[in-house]
file coords12.pdb (PDB, C-alpha atoms)
ATOM      1  CA  MET A 310      -5.522  10.179   8.044  1.00  0.00           C
ATOM      2  CA  LYS A 311      -5.282  10.398   4.295  1.00  0.00           C
ATOM      3  CA  ILE A 312      -4.872   7.529   1.870  1.00  0.00           C
ATOM      4  CA  ILE A 313      -2.999   7.251  -1.453  1.00  0.00           C
ATOM      5  CA  GLY A 314      -2.085   4.130  -3.383  1.00  0.00           C
ATOM      6  CA  LEU A 315       0.692   3.072  -5.705  1.00  0.00           C
ATOM      7  CA  ALA A 316      -0.210   0.809  -8.622  1.00  0.00           C
ATOM      8  CA  GLY A 317       1.895  -0.774 -11.318  1.00  0.00           C
ATOM      9  CA  TRP A 318       3.141  -3.978 -12.804  1.00  0.00           C
ATOM     10  CA  SER A 319       5.585  -6.141 -10.869  1.00  0.00           C
ATOM     11  CA  GLY A 320       9.084  -4.788 -11.386  1.00  0.00           C
ATOM     12  CA  ALA A 321       7.937  -1.221 -12.039  1.00  0.00           C
ATOM     13  CA  GLY A 322       9.676   0.046  -8.915  1.00  0.00           C
ATOM     14  CA  LYS A 323       6.832   0.610  -6.453  1.00  0.00           C
ATOM     15  CA  THR A 324       8.816  -0.588  -3.436  1.00  0.00           C
ATOM     16  CA  THR A 325      11.954   1.299  -4.487  1.00  0.00           C
ATOM     17  CA  LEU A 326       9.883   4.435  -4.931  1.00  0.00           C
ATOM     18  CA  LEU A 327       8.357   3.977  -1.466  1.00  0.00           C
ATOM     19  CA  THR A 328      11.771   3.592   0.167  1.00  0.00           C
ATOM     20  CA  ARG A 329      12.723   6.975  -1.305  1.00  0.00           C
ATOM     21  CA  LEU A 330       9.355   8.690  -0.823  1.00  0.00           C
ATOM     22  CA  ILE A 331       8.852   7.824   2.866  1.00  0.00           C
ATOM     23  CA  PRO A 332      12.020   9.606   4.132  1.00  0.00           C
ATOM     24  CA  HIS A 333      11.136  12.644   2.014  1.00  0.00           C
ATOM     25  CA  LEU A 334       7.620  12.805   3.500  1.00  0.00           C
ATOM     26  CA  ASN A 335       9.034  12.236   7.004  1.00  0.00           C
ATOM     27  CA  ALA A 336      11.395  15.178   6.469  1.00  0.00           C
ATOM     28  CA  GLN A 337       8.313  17.282   5.685  1.00  0.00           C
ATOM     29  CA  GLY A 338       6.967  16.374   9.116  1.00  0.00           C
ATOM     30  CA  LEU A 339       4.501  13.681   8.012  1.00  0.00           C
ATOM     31  CA  ARG A 340       4.024  10.363   9.791  1.00  0.00           C
ATOM     32  CA  VAL A 341       3.622   7.692   7.106  1.00  0.00           C
ATOM     33  CA  SER A 342       2.415   4.093   7.281  1.00  0.00           C
ATOM     34  CA  VAL A 343       2.285   1.503   4.505  1.00  0.00           C
ATOM     35  CA  ILE A 344      -0.091  -1.349   3.749  1.00  0.00           C
ATOM     36  CA  LYS A 345       1.259  -3.863   1.241  1.00  0.00           C
ATOM     37  CA  HIS A 346      -0.944  -6.555  -0.267  1.00  0.00           C
ATOM     38  CA  ALA A 347       0.760  -9.829  -1.150  1.00  0.00           C
ATOM     39  CA  HIS A 348      -0.815 -12.195  -3.665  1.00  0.00           C
ATOM     40  CA  HIS A 349       1.214 -15.101  -2.344  1.00  0.00           C
ATOM     41  CA  ARG A 350       1.858 -16.835   0.933  1.00  0.00           C
ATOM     42  CA  PHE A 351       4.399 -14.941   3.010  1.00  0.00           C
ATOM     43  CA  ASP A 352       5.913 -15.108   6.460  1.00  0.00           C
ATOM     44  CA  VAL A 353       7.337 -12.350   8.627  1.00  0.00           C
ATOM     45  CA  ASP A 354       8.566 -14.749  11.261  1.00  0.00           C
ATOM     46  CA  THR A 355      11.658 -16.958  11.407  1.00  0.00           C
ATOM     47  CA  PRO A 356      11.062 -20.714  11.595  1.00  0.00           C
ATOM     48  CA  GLY A 357      12.231 -22.110  14.909  1.00  0.00           C
ATOM     49  CA  LYS A 358      11.972 -18.816  16.842  1.00  0.00           C
ATOM     50  CA  ASP A 359       9.610 -18.680  19.818  1.00  0.00           C
ATOM     51  CA  SER A 360       6.968 -16.549  18.093  1.00  0.00           C
ATOM     52  CA  TRP A 361       6.989 -18.886  15.058  1.00  0.00           C
ATOM     53  CA  ARG A 362       6.598 -21.875  17.374  1.00  0.00           C
ATOM     54  CA  HIS A 363       3.641 -20.174  19.108  1.00  0.00           C
ATOM     55  CA  ARG A 364       1.895 -19.624  15.751  1.00  0.00           C
ATOM     56  CA  GLU A 365       2.660 -23.150  14.612  1.00  0.00           C
ATOM     57  CA  ALA A 366       1.162 -24.435  17.869  1.00  0.00           C
ATOM     58  CA  GLY A 367      -2.136 -22.780  16.927  1.00  0.00           C
ATOM     59  CA  ALA A 368      -2.161 -19.313  18.495  1.00  0.00           C
ATOM     60  CA  ALA A 369      -4.657 -17.022  16.751  1.00  0.00           C
ATOM     61  CA  GLU A 370      -2.420 -13.997  17.343  1.00  0.00           C
ATOM     62  CA  VAL A 371       1.153 -13.580  18.500  1.00  0.00           C
ATOM     63  CA  LEU A 372       2.399 -10.172  19.611  1.00  0.00           C
ATOM     64  CA  VAL A 373       6.160  -9.772  19.830  1.00  0.00           C
ATOM     65  CA  ALA A 374       7.494  -6.706  21.635  1.00  0.00           C
ATOM     66  CA  SER A 375      10.876  -5.225  22.448  1.00  0.00           C
ATOM     67  CA  GLY A 376      12.282  -1.859  23.385  1.00  0.00           C
ATOM     68  CA  THR A 377      12.474  -0.865  19.707  1.00  0.00           C
ATOM     69  CA  ARG A 378       9.340  -2.295  18.049  1.00  0.00           C
ATOM     70  CA  TRP A 379       6.351  -4.520  18.372  1.00  0.00           C
ATOM     71  CA  ALA A 380       4.613  -6.688  15.788  1.00  0.00           C
ATOM     72  CA  LEU A 381       1.278  -8.427  15.823  1.00  0.00           C
ATOM     73  CA  MET A 382       0.850 -11.508  13.668  1.00  0.00           C
ATOM     74  CA  HIS A 383      -2.684 -12.717  13.095  1.00  0.00           C
ATOM     75  CA  GLU A 384      -3.306 -16.166  11.636  1.00  0.00           C
ATOM     76  CA  LEU A 385      -6.450 -16.440   9.527  1.00  0.00           C
ATOM     77  CA  ARG A 386      -6.658 -20.225   9.959  1.00  0.00           C
ATOM     78  CA  GLY A 387      -9.134 -20.530   7.096  1.00  0.00           C
ATOM     79  CA  ALA A 388     -11.074 -17.334   7.807  1.00  0.00           C
ATOM     80  CA  PRO A 389     -11.576 -14.922   4.897  1.00  0.00           C
ATOM     81  CA  GLU A 390      -8.861 -12.400   4.127  1.00  0.00           C
ATOM     82  CA  PRO A 391      -9.674  -9.086   5.836  1.00  0.00           C
ATOM     83  CA  SER A 392     -10.666  -6.207   3.596  1.00  0.00           C
ATOM     84  CA  LEU A 393      -8.487  -3.162   3.205  1.00  0.00           C
ATOM     85  CA  ALA A 394     -11.076  -1.259   5.262  1.00  0.00           C
ATOM     86  CA  ASP A 395     -10.565  -3.722   8.135  1.00  0.00           C
ATOM     87  CA  LEU A 396      -6.782  -3.319   7.909  1.00  0.00           C
ATOM     88  CA  LEU A 397      -6.982   0.473   7.784  1.00  0.00           C
ATOM     89  CA  ALA A 398      -9.059   0.376  10.975  1.00  0.00           C
ATOM     90  CA  ARG A 399      -6.230  -1.484  12.731  1.00  0.00           C
ATOM     91  CA  LEU A 400      -3.569   1.133  11.927  1.00  0.00           C
ATOM     92  CA  SER A 401      -2.503   3.736  14.441  1.00  0.00           C
ATOM     93  CA  PRO A 402      -3.375   7.257  13.278  1.00  0.00           C
ATOM     94  CA  VAL A 403      -0.801   8.824  10.936  1.00  0.00           C
ATOM     95  CA  ASP A 404      -0.841  11.648   8.402  1.00  0.00           C
ATOM     96  CA  LEU A 405      -0.594   9.471   5.288  1.00  0.00           C
ATOM     97  CA  VAL A 406      -1.109   5.795   4.516  1.00  0.00           C
ATOM     98  CA  VAL A 407       0.450   4.584   1.277  1.00  0.00           C
ATOM     99  CA  ILE A 408      -1.155   1.439  -0.089  1.00  0.00           C
ATOM    100  CA  GLU A 409       0.764  -0.862  -2.397  1.00  0.00           C
ATOM    101  CA  GLY A 410      -1.630  -3.306  -3.996  1.00  0.00           C
ATOM    102  CA  TYR A 411      -5.404  -3.444  -3.502  1.00  0.00           C
ATOM    103  CA  LYS A 412      -5.724  -2.040  -7.012  1.00  0.00           C
ATOM    104  CA  ALA A 413      -9.483  -2.577  -7.070  1.00  0.00           C
ATOM    105  CA  GLY A 414     -10.038  -0.484  -3.943  1.00  0.00           C
ATOM    106  CA  PRO A 415     -11.815   2.873  -4.034  1.00  0.00           C
ATOM    107  CA  HIS A 416      -8.717   4.877  -3.057  1.00  0.00           C
ATOM    108  CA  ARG A 417      -6.839   7.008  -5.562  1.00  0.00           C
ATOM    109  CA  ARG A 418      -3.595   5.657  -6.991  1.00  0.00           C
ATOM    110  CA  ILE A 419      -0.405   6.939  -8.576  1.00  0.00           C
ATOM    111  CA  GLU A 420       0.701   4.617 -11.365  1.00  0.00           C
ATOM    112  CA  VAL A 421       4.361   3.607 -11.253  1.00  0.00           C
ATOM    113  CA  HIS A 422       5.555   2.811 -14.772  1.00  0.00           C
ATOM    114  CA  ARG A 423       8.966   1.608 -15.934  1.00  0.00           C
ATOM    115  CA  ALA A 424       9.725   1.356 -19.662  1.00  0.00           C
ATOM    116  CA  ALA A 425      12.024  -1.664 -19.198  1.00  0.00           C
ATOM    117  CA  ASN A 426       9.015  -3.731 -18.103  1.00  0.00           C
ATOM    118  CA  ALA A 427       7.573  -3.406 -21.627  1.00  0.00           C
ATOM    119  CA  LYS A 428       4.081  -3.398 -20.102  1.00  0.00           C
ATOM    120  CA  PRO A 429       1.242  -1.085 -21.043  1.00  0.00           C
ATOM    121  CA  LEU A 430       0.060   1.677 -18.756  1.00  0.00           C
ATOM    122  CA  LEU A 431      -2.748   0.757 -16.370  1.00  0.00           C
ATOM    123  CA  PHE A 432      -4.213   4.185 -17.120  1.00  0.00           C
ATOM    124  CA  PRO A 433      -6.785   4.865 -18.594  1.00  0.00           C
ATOM    125  CA  ALA A 434      -8.335   1.423 -17.962  1.00  0.00           C
ATOM    126  CA  ASP A 435      -7.999   1.934 -14.189  1.00  0.00           C
ATOM    127  CA  PRO A 436     -10.249   4.863 -13.194  1.00  0.00           C
ATOM    128  CA  GLY A 437      -8.572   5.108  -9.771  1.00  0.00           C
ATOM    129  CA  ILE A 438      -5.285   6.296 -11.253  1.00  0.00           C
ATOM    130  CA  VAL A 439      -4.917  10.046 -10.767  1.00  0.00           C
ATOM    131  CA  ALA A 440      -1.231  10.575 -11.632  1.00  0.00           C
ATOM    132  CA  ILE A 441       1.703   8.775 -13.241  1.00  0.00           C
ATOM    133  CA  ALA A 442       5.325   8.419 -12.121  1.00  0.00           C
ATOM    134  CA  SER A 443       7.468   7.046 -14.949  1.00  0.00           C
ATOM    135  CA  ASP A 444      11.080   6.810 -16.047  1.00  0.00           C
ATOM    136  CA  VAL A 445      10.098   7.893 -19.571  1.00  0.00           C
ATOM    137  CA  PRO A 446       7.747  10.574 -20.860  1.00  0.00           C
ATOM    138  CA  VAL A 447       4.187   9.259 -21.255  1.00  0.00           C
ATOM    139  CA  GLU A 448       1.311  10.816 -23.080  1.00  0.00           C
ATOM    140  CA  ALA A 449      -1.560  11.145 -20.672  1.00  0.00           C
ATOM    141  CA  THR A 450      -4.001  13.768 -19.493  1.00  0.00           C
ATOM    142  CA  LEU A 451      -2.979  13.135 -15.875  1.00  0.00           C
ATOM    143  CA  PRO A 452      -0.316  14.896 -13.832  1.00  0.00           C
ATOM    144  CA  ARG A 453       3.065  13.224 -14.330  1.00  0.00           C
ATOM    145  CA  ALA A 454       6.436  13.100 -12.609  1.00  0.00           C
ATOM    146  CA  HIS A 455       9.711  11.347 -13.337  1.00  0.00           C
ATOM    147  CA  LEU A 456      10.401   8.348 -11.087  1.00  0.00           C
ATOM    148  CA  ASP A 457      13.538  10.063  -9.790  1.00  0.00           C
ATOM    149  CA  ASP A 458      11.739  13.310  -8.933  1.00  0.00           C
ATOM    150  CA  ILE A 459      10.801  12.393  -5.374  1.00  0.00           C
ATOM    151  CA  PRO A 460       9.722  15.943  -4.375  1.00  0.00           C
ATOM    152  CA  ALA A 461       7.289  16.058  -7.331  1.00  0.00           C
ATOM    153  CA  ILE A 462       5.899  12.607  -6.510  1.00  0.00           C
ATOM    154  CA  ALA A 463       5.477  13.675  -2.876  1.00  0.00           C
ATOM    155  CA  VAL A 464       3.432  16.654  -4.058  1.00  0.00           C
ATOM    156  CA  LEU A 465       1.265  14.346  -6.200  1.00  0.00           C
ATOM    157  CA  ALA A 466       0.764  11.992  -3.248  1.00  0.00           C
ATOM    158  CA  ARG A 467      -0.230  14.816  -0.901  1.00  0.00           C
ATOM    159  CA  GLU A 468      -2.512  16.526  -3.439  1.00  0.00           C
ATOM    160  CA  HIS A 469      -4.379  13.360  -4.402  1.00  0.00           C
ATOM    161  CA  ALA A 470      -4.556  11.567  -1.038  1.00  0.00           C
ATOM    162  CA  MET A 471      -8.110  10.973   0.142  1.00  0.00           C
ATOM    163  CA  PRO A 472      -9.399  11.390   3.691  1.00  0.00           C
ATOM    164  CA  LEU A 473      -9.981   8.035   5.371  1.00  0.00           C
ATOM    165  CA  ALA A 474     -13.690   8.829   5.868  1.00  0.00           C
ATOM    166  CA  GLU A 475     -14.108   9.299   2.102  1.00  0.00           C
ATOM    167  CA  VAL A 476     -12.356   5.987   1.384  1.00  0.00           C
ATOM    168  CA  ARG A 477     -14.612   4.226   3.912  1.00  0.00           C
ATOM    169  CA  ALA A 478     -17.751   5.770   2.377  1.00  0.00           C
ATOM    170  CA  LEU A 479     -16.706   4.571  -1.079  1.00  0.00           C
ATOM    171  CA  HIS A 480     -15.941   1.141   0.377  1.00  0.00           C
ATOM    172  CA  ASP A 481     -19.443   0.927   1.809  1.00  0.00           C
ATOM    173  CA  ARG A 482     -20.928   1.718  -1.608  1.00  0.00           C
ATOM    174  CA  MET A 483     -18.625  -0.686  -3.511  1.00  0.00           C
ATOM    175  CA  GLY A 484     -18.758  -3.601  -1.107  1.00  0.00           C
ATOM    176  CA  PRO A 485     -15.843  -5.355   0.601  1.00  0.00           C
ATOM    177  CA  GLU A 486     -15.379  -8.018  -2.085  1.00  0.00           C
ATOM    178  CA  THR A 487     -13.677  -5.451  -4.330  1.00  0.00           C
ATOM    179  CA  TRP A 488     -10.950  -4.642  -1.796  1.00  0.00           C
ATOM    180  CA  ASN A 489      -8.798  -7.743  -1.857  1.00  0.00           C
ATOM    181  CA  SER A 490      -7.111  -7.651  -5.227  1.00  0.00           C
TER     182      SER A 490
END
call {"tool": "encode", "arguments": {"input": "coords12.pdb", "output": "structure tokens"}}
result
Amino acid sequence: MKIIGLAGWSGAGKTTLLTRLIPHLNAQGLRVSVIKHAHHRFDVDTPGKDSWRHREAGAAEVLVASGTRWALMHELRGAPEPSLADLLARLSPVDLVVIEGYKAGPHRRIEVHRAANAKPLLFPADPGIVAIASDVPVEATLPRAHLDDIPAIAVLAREHAMPLAEVRALHDRMGPETWNS
């Protein structure tokens, strides 16, 4: 497995880019998974449904399965948030994992920049950024692609993705406390 991240301000278009990039990578024969970090409370379950009721009753984990998908929900119940390394270990093997969030992690990142946000680039302050995808030309020493040039962004993602073992080794040197932002 290889790992690449997307970083950028809220509203820059990271999720939109991912929804266009994933089918392109799939068409190239790659299996892709995504890990998304949320800085707020979220729920993937519908209040009142059986699985929601099981979690509300105190189940530590609820696994819901059907003929088309399965999902495992794990309640922390006050335990510390797992590190990105812990979450990566739970994924089934794929060719590429794209991480949205975890901007302090040791993995390489492509910055997603949108001029309408009127926010500064994260590069060069973020040493993990190795390329930039933007809707306007930016002056930088890094490789760049236009946000609409999905084939070029796919090339950047594939070229800069890190092997999972390398990400884990960097994690061990950095310490897990840096992985949850």
call {"tool": "resolve_selection", "arguments": {"input": "coords12.pdb", "expression": "the PyMOL selection byres ((chain A and resi 360) around 12)", "output": "PDB file with C-alpha atoms, in the coordinates of the input"}}
result
ATOM      1  CA  ASP A 352       5.913 -15.108   6.460  1.00  0.00           C
ATOM      2  CA  VAL A 353       7.337 -12.350   8.627  1.00  0.00           C
ATOM      3  CA  ASP A 354       8.566 -14.749  11.261  1.00  0.00           C
ATOM      4  CA  THR A 355      11.658 -16.958  11.407  1.00  0.00           C
ATOM      5  CA  PRO A 356      11.062 -20.714  11.595  1.00  0.00           C
ATOM      6  CA  GLY A 357      12.231 -22.110  14.909  1.00  0.00           C
ATOM      7  CA  LYS A 358      11.972 -18.816  16.842  1.00  0.00           C
ATOM      8  CA  ASP A 359       9.610 -18.680  19.818  1.00  0.00           C
ATOM      9  CA  TRP A 361       6.989 -18.886  15.058  1.00  0.00           C
ATOM     10  CA  ARG A 362       6.598 -21.875  17.374  1.00  0.00           C
ATOM     11  CA  HIS A 363       3.641 -20.174  19.108  1.00  0.00           C
ATOM     12  CA  ARG A 364       1.895 -19.624  15.751  1.00  0.00           C
ATOM     13  CA  GLU A 365       2.660 -23.150  14.612  1.00  0.00           C
ATOM     14  CA  ALA A 366       1.162 -24.435  17.869  1.00  0.00           C
ATOM     15  CA  GLY A 367      -2.136 -22.780  16.927  1.00  0.00           C
ATOM     16  CA  ALA A 368      -2.161 -19.313  18.495  1.00  0.00           C
ATOM     17  CA  ALA A 369      -4.657 -17.022  16.751  1.00  0.00           C
ATOM     18  CA  GLU A 370      -2.420 -13.997  17.343  1.00  0.00           C
ATOM     19  CA  VAL A 371       1.153 -13.580  18.500  1.00  0.00           C
ATOM     20  CA  LEU A 372       2.399 -10.172  19.611  1.00  0.00           C
ATOM     21  CA  VAL A 373       6.160  -9.772  19.830  1.00  0.00           C
ATOM     22  CA  ALA A 374       7.494  -6.706  21.635  1.00  0.00           C
ATOM     23  CA  ALA A 380       4.613  -6.688  15.788  1.00  0.00           C
ATOM     24  CA  LEU A 381       1.278  -8.427  15.823  1.00  0.00           C
ATOM     25  CA  MET A 382       0.850 -11.508  13.668  1.00  0.00           C
ATOM     26  CA  HIS A 383      -2.684 -12.717  13.095  1.00  0.00           C
TER      27      HIS A 383
END
call {"tool": "resolve_selection", "arguments": {"input": "coords12.pdb", "expression": "the PyMOL selection byres ((chain A and resi 407) around 8)", "output": "NGL selection string"}}
result
:A and (312-315 or 341-344 or 405-406 or 408-409)
call {"tool": "resolve_selection", "arguments": {"input": "coords12.pdb", "expression": "the PyMOL selection byres ((chain A and resi 440-455) around 6)", "output": "list in words"}}
result
Ile419, Glu420, Val421, His422, Arg423, Ile438, Val439, Leu456, Asp457 and Asp458 of chain A
call {"tool": "atom_distance", "arguments": {"input": "coords12.pdb", "atom1": "atom CA of A:Ala425", "atom2": "atom CA of A:Ala321"}}
result
8.3 Å
call {"tool": "axis_aligned_box", "arguments": {"input": "coords12.pdb", "around": "stretch 339-344 of chain A", "padding_each_side": "5 Å", "output": "AutoDock Vina command-line options"}}
result
--center_x 2.2 --center_y 6.2 --center_z 6.8 --size_x 14.6 --size_y 25.0 --size_z 16.0
call {"tool": "residues_near_point", "arguments": {"input": "coords12.pdb", "point": "(9.8, -3.7, -3.5)", "cutoff": "12 Å", "atoms": "only C-alpha atoms", "output": "PDB file with C-alpha atoms, in the coordinates of the input"}}
result
ATOM      1  CA  LEU A 315       0.692   3.072  -5.705  1.00  0.00           C
ATOM      2  CA  GLY A 317       1.895  -0.774 -11.318  1.00  0.00           C
ATOM      3  CA  TRP A 318       3.141  -3.978 -12.804  1.00  0.00           C
ATOM      4  CA  SER A 319       5.585  -6.141 -10.869  1.00  0.00           C
ATOM      5  CA  GLY A 320       9.084  -4.788 -11.386  1.00  0.00           C
ATOM      6  CA  ALA A 321       7.937  -1.221 -12.039  1.00  0.00           C
ATOM      7  CA  GLY A 322       9.676   0.046  -8.915  1.00  0.00           C
ATOM      8  CA  LYS A 323       6.832   0.610  -6.453  1.00  0.00           C
ATOM      9  CA  THR A 324       8.816  -0.588  -3.436  1.00  0.00           C
ATOM     10  CA  THR A 325      11.954   1.299  -4.487  1.00  0.00           C
ATOM     11  CA  LEU A 326       9.883   4.435  -4.931  1.00  0.00           C
ATOM     12  CA  LEU A 327       8.357   3.977  -1.466  1.00  0.00           C
ATOM     13  CA  THR A 328      11.771   3.592   0.167  1.00  0.00           C
ATOM     14  CA  ARG A 329      12.723   6.975  -1.305  1.00  0.00           C
ATOM     15  CA  LYS A 345       1.259  -3.863   1.241  1.00  0.00           C
ATOM     16  CA  HIS A 346      -0.944  -6.555  -0.267  1.00  0.00           C
ATOM     17  CA  ALA A 347       0.760  -9.829  -1.150  1.00  0.00           C
ATOM     18  CA  GLU A 409       0.764  -0.862  -2.397  1.00  0.00           C
ATOM     19  CA  GLY A 410      -1.630  -3.306  -3.996  1.00  0.00           C
ATOM     20  CA  VAL A 421       4.361   3.607 -11.253  1.00  0.00           C
TER      21      VAL A 421
END
call {"tool": "atom_distance", "arguments": {"input": "coords12.pdb", "atom1": "atom CA of A:Met483", "atom2": "atom CA of A:Arg386"}}
result
26.6 Å
call {"tool": "atom_distance", "arguments": {"input": "coords12.pdb", "atom1": "atom CA of A:His416", "atom2": "atom CA of A:Trp379"}}
result
27.8 Å
call {"tool": "residues_around", "arguments": {"input": "coords12.pdb", "residues": "A:Pro460", "least_positions_apart": "2", "cutoff": "9 Å", "atoms": "only C-alpha atoms", "output": "list in words"}}
result
Leu330, His333, Leu334, Asp457, Asp458, Ile462, Ala463, Val464 and Leu465 of chain A
call {"tool": "residues_near_point", "arguments": {"input": "coords12.pdb", "point": "(-12.5, -1.7, 9.9)", "cutoff": "12 Å", "atoms": "all atoms listed in the file", "output": "list in words"}}
result
Pro391, Ser392, Leu393, Ala394, Asp395, Leu396, Leu397, Ala398, Arg399, Leu400, Leu473, Ala474, Val476, Arg477, Ala478, His480, Asp481 and Pro485 of chain A
call {"tool": "closest_residue", "arguments": {"input": "coords12.pdb", "among": "A:Met310, A:Leu385, A:Ala466, A:Ile331", "to": "A:Arg418", "atoms": "all atoms listed in the file"}}
result
A:Ala466
call {"tool": "decode", "arguments": {"input": "coords12.pdb", "residues": "stretch 335-343 of chain A", "atoms": "all heavy atoms", "output": "compact mmCIF listing (two decimals), in the first residue's frame"}}
result
# COMPACT_ATOMS: atom_id res chain seq x y z
N ASN A 335 -9.17 4.44 -10.36
CA ASN A 335 -9.81 3.13 -10.55
C ASN A 335 -9.71 2.69 -12.00
O ASN A 335 -9.44 1.52 -12.28
CB ASN A 335 -11.28 3.16 -10.13
CG ASN A 335 -11.51 3.24 -8.63
OD1 ASN A 335 -12.59 3.58 -8.19
ND2 ASN A 335 -10.50 2.94 -7.83
N ALA A 336 -9.92 3.61 -12.93
CA ALA A 336 -9.84 3.29 -14.35
C ALA A 336 -8.43 2.88 -14.77
O ALA A 336 -8.25 2.17 -15.76
CB ALA A 336 -10.31 4.48 -15.19
N GLN A 337 -7.43 3.30 -13.98
CA GLN A 337 -6.05 2.90 -14.23
C GLN A 337 -5.73 1.56 -13.57
O GLN A 337 -4.59 1.11 -13.58
CB GLN A 337 -5.09 3.97 -13.71
CG GLN A 337 -5.16 5.27 -14.48
CD GLN A 337 -4.20 6.31 -13.93
OE1 GLN A 337 -3.83 6.32 -12.77
NE2 GLN A 337 -3.77 7.20 -14.81
N GLY A 338 -6.75 0.95 -12.95
CA GLY A 338 -6.57 -0.36 -12.34
C GLY A 338 -6.15 -0.32 -10.88
O GLY A 338 -5.81 -1.36 -10.32
N LEU A 339 -6.20 0.85 -10.24
CA LEU A 339 -5.81 0.95 -8.84
C LEU A 339 -7.02 0.81 -7.92
O LEU A 339 -8.09 1.34 -8.21
CB LEU A 339 -5.15 2.31 -8.56
CG LEU A 339 -3.84 2.61 -9.27
CD1 LEU A 339 -3.34 3.98 -8.88
CD2 LEU A 339 -2.80 1.56 -8.95
N ARG A 340 -6.82 0.10 -6.82
CA ARG A 340 -7.82 0.06 -5.75
C ARG A 340 -7.44 1.18 -4.78
O ARG A 340 -6.30 1.26 -4.33
CB ARG A 340 -7.82 -1.28 -5.04
CG ARG A 340 -8.34 -2.40 -5.95
CD ARG A 340 -8.52 -3.71 -5.23
NE ARG A 340 -9.55 -3.55 -4.19
CZ ARG A 340 -9.41 -3.99 -2.93
NH1 ARG A 340 -8.34 -4.63 -2.56
NH2 ARG A 340 -10.37 -3.81 -2.06
N VAL A 341 -8.42 2.04 -4.47
CA VAL A 341 -8.17 3.24 -3.67
C VAL A 341 -9.07 3.24 -2.45
O VAL A 341 -10.26 2.94 -2.55
CB VAL A 341 -8.44 4.52 -4.50
CG1 VAL A 341 -8.18 5.78 -3.67
CG2 VAL A 341 -7.61 4.53 -5.78
N SER A 342 -8.50 3.58 -1.30
CA SER A 342 -9.28 3.81 -0.09
C SER A 342 -8.99 5.23 0.39
O SER A 342 -7.99 5.83 0.02
CB SER A 342 -8.91 2.81 1.02
OG SER A 342 -9.37 1.52 0.69
N VAL A 343 -9.88 5.74 1.23
CA VAL A 343 -9.76 7.10 1.75
C VAL A 343 -9.91 7.08 3.26
O VAL A 343 -10.76 6.37 3.80
CB VAL A 343 -10.85 8.03 1.14
CG1 VAL A 343 -10.80 9.42 1.77
CG2 VAL A 343 -10.71 8.11 -0.36
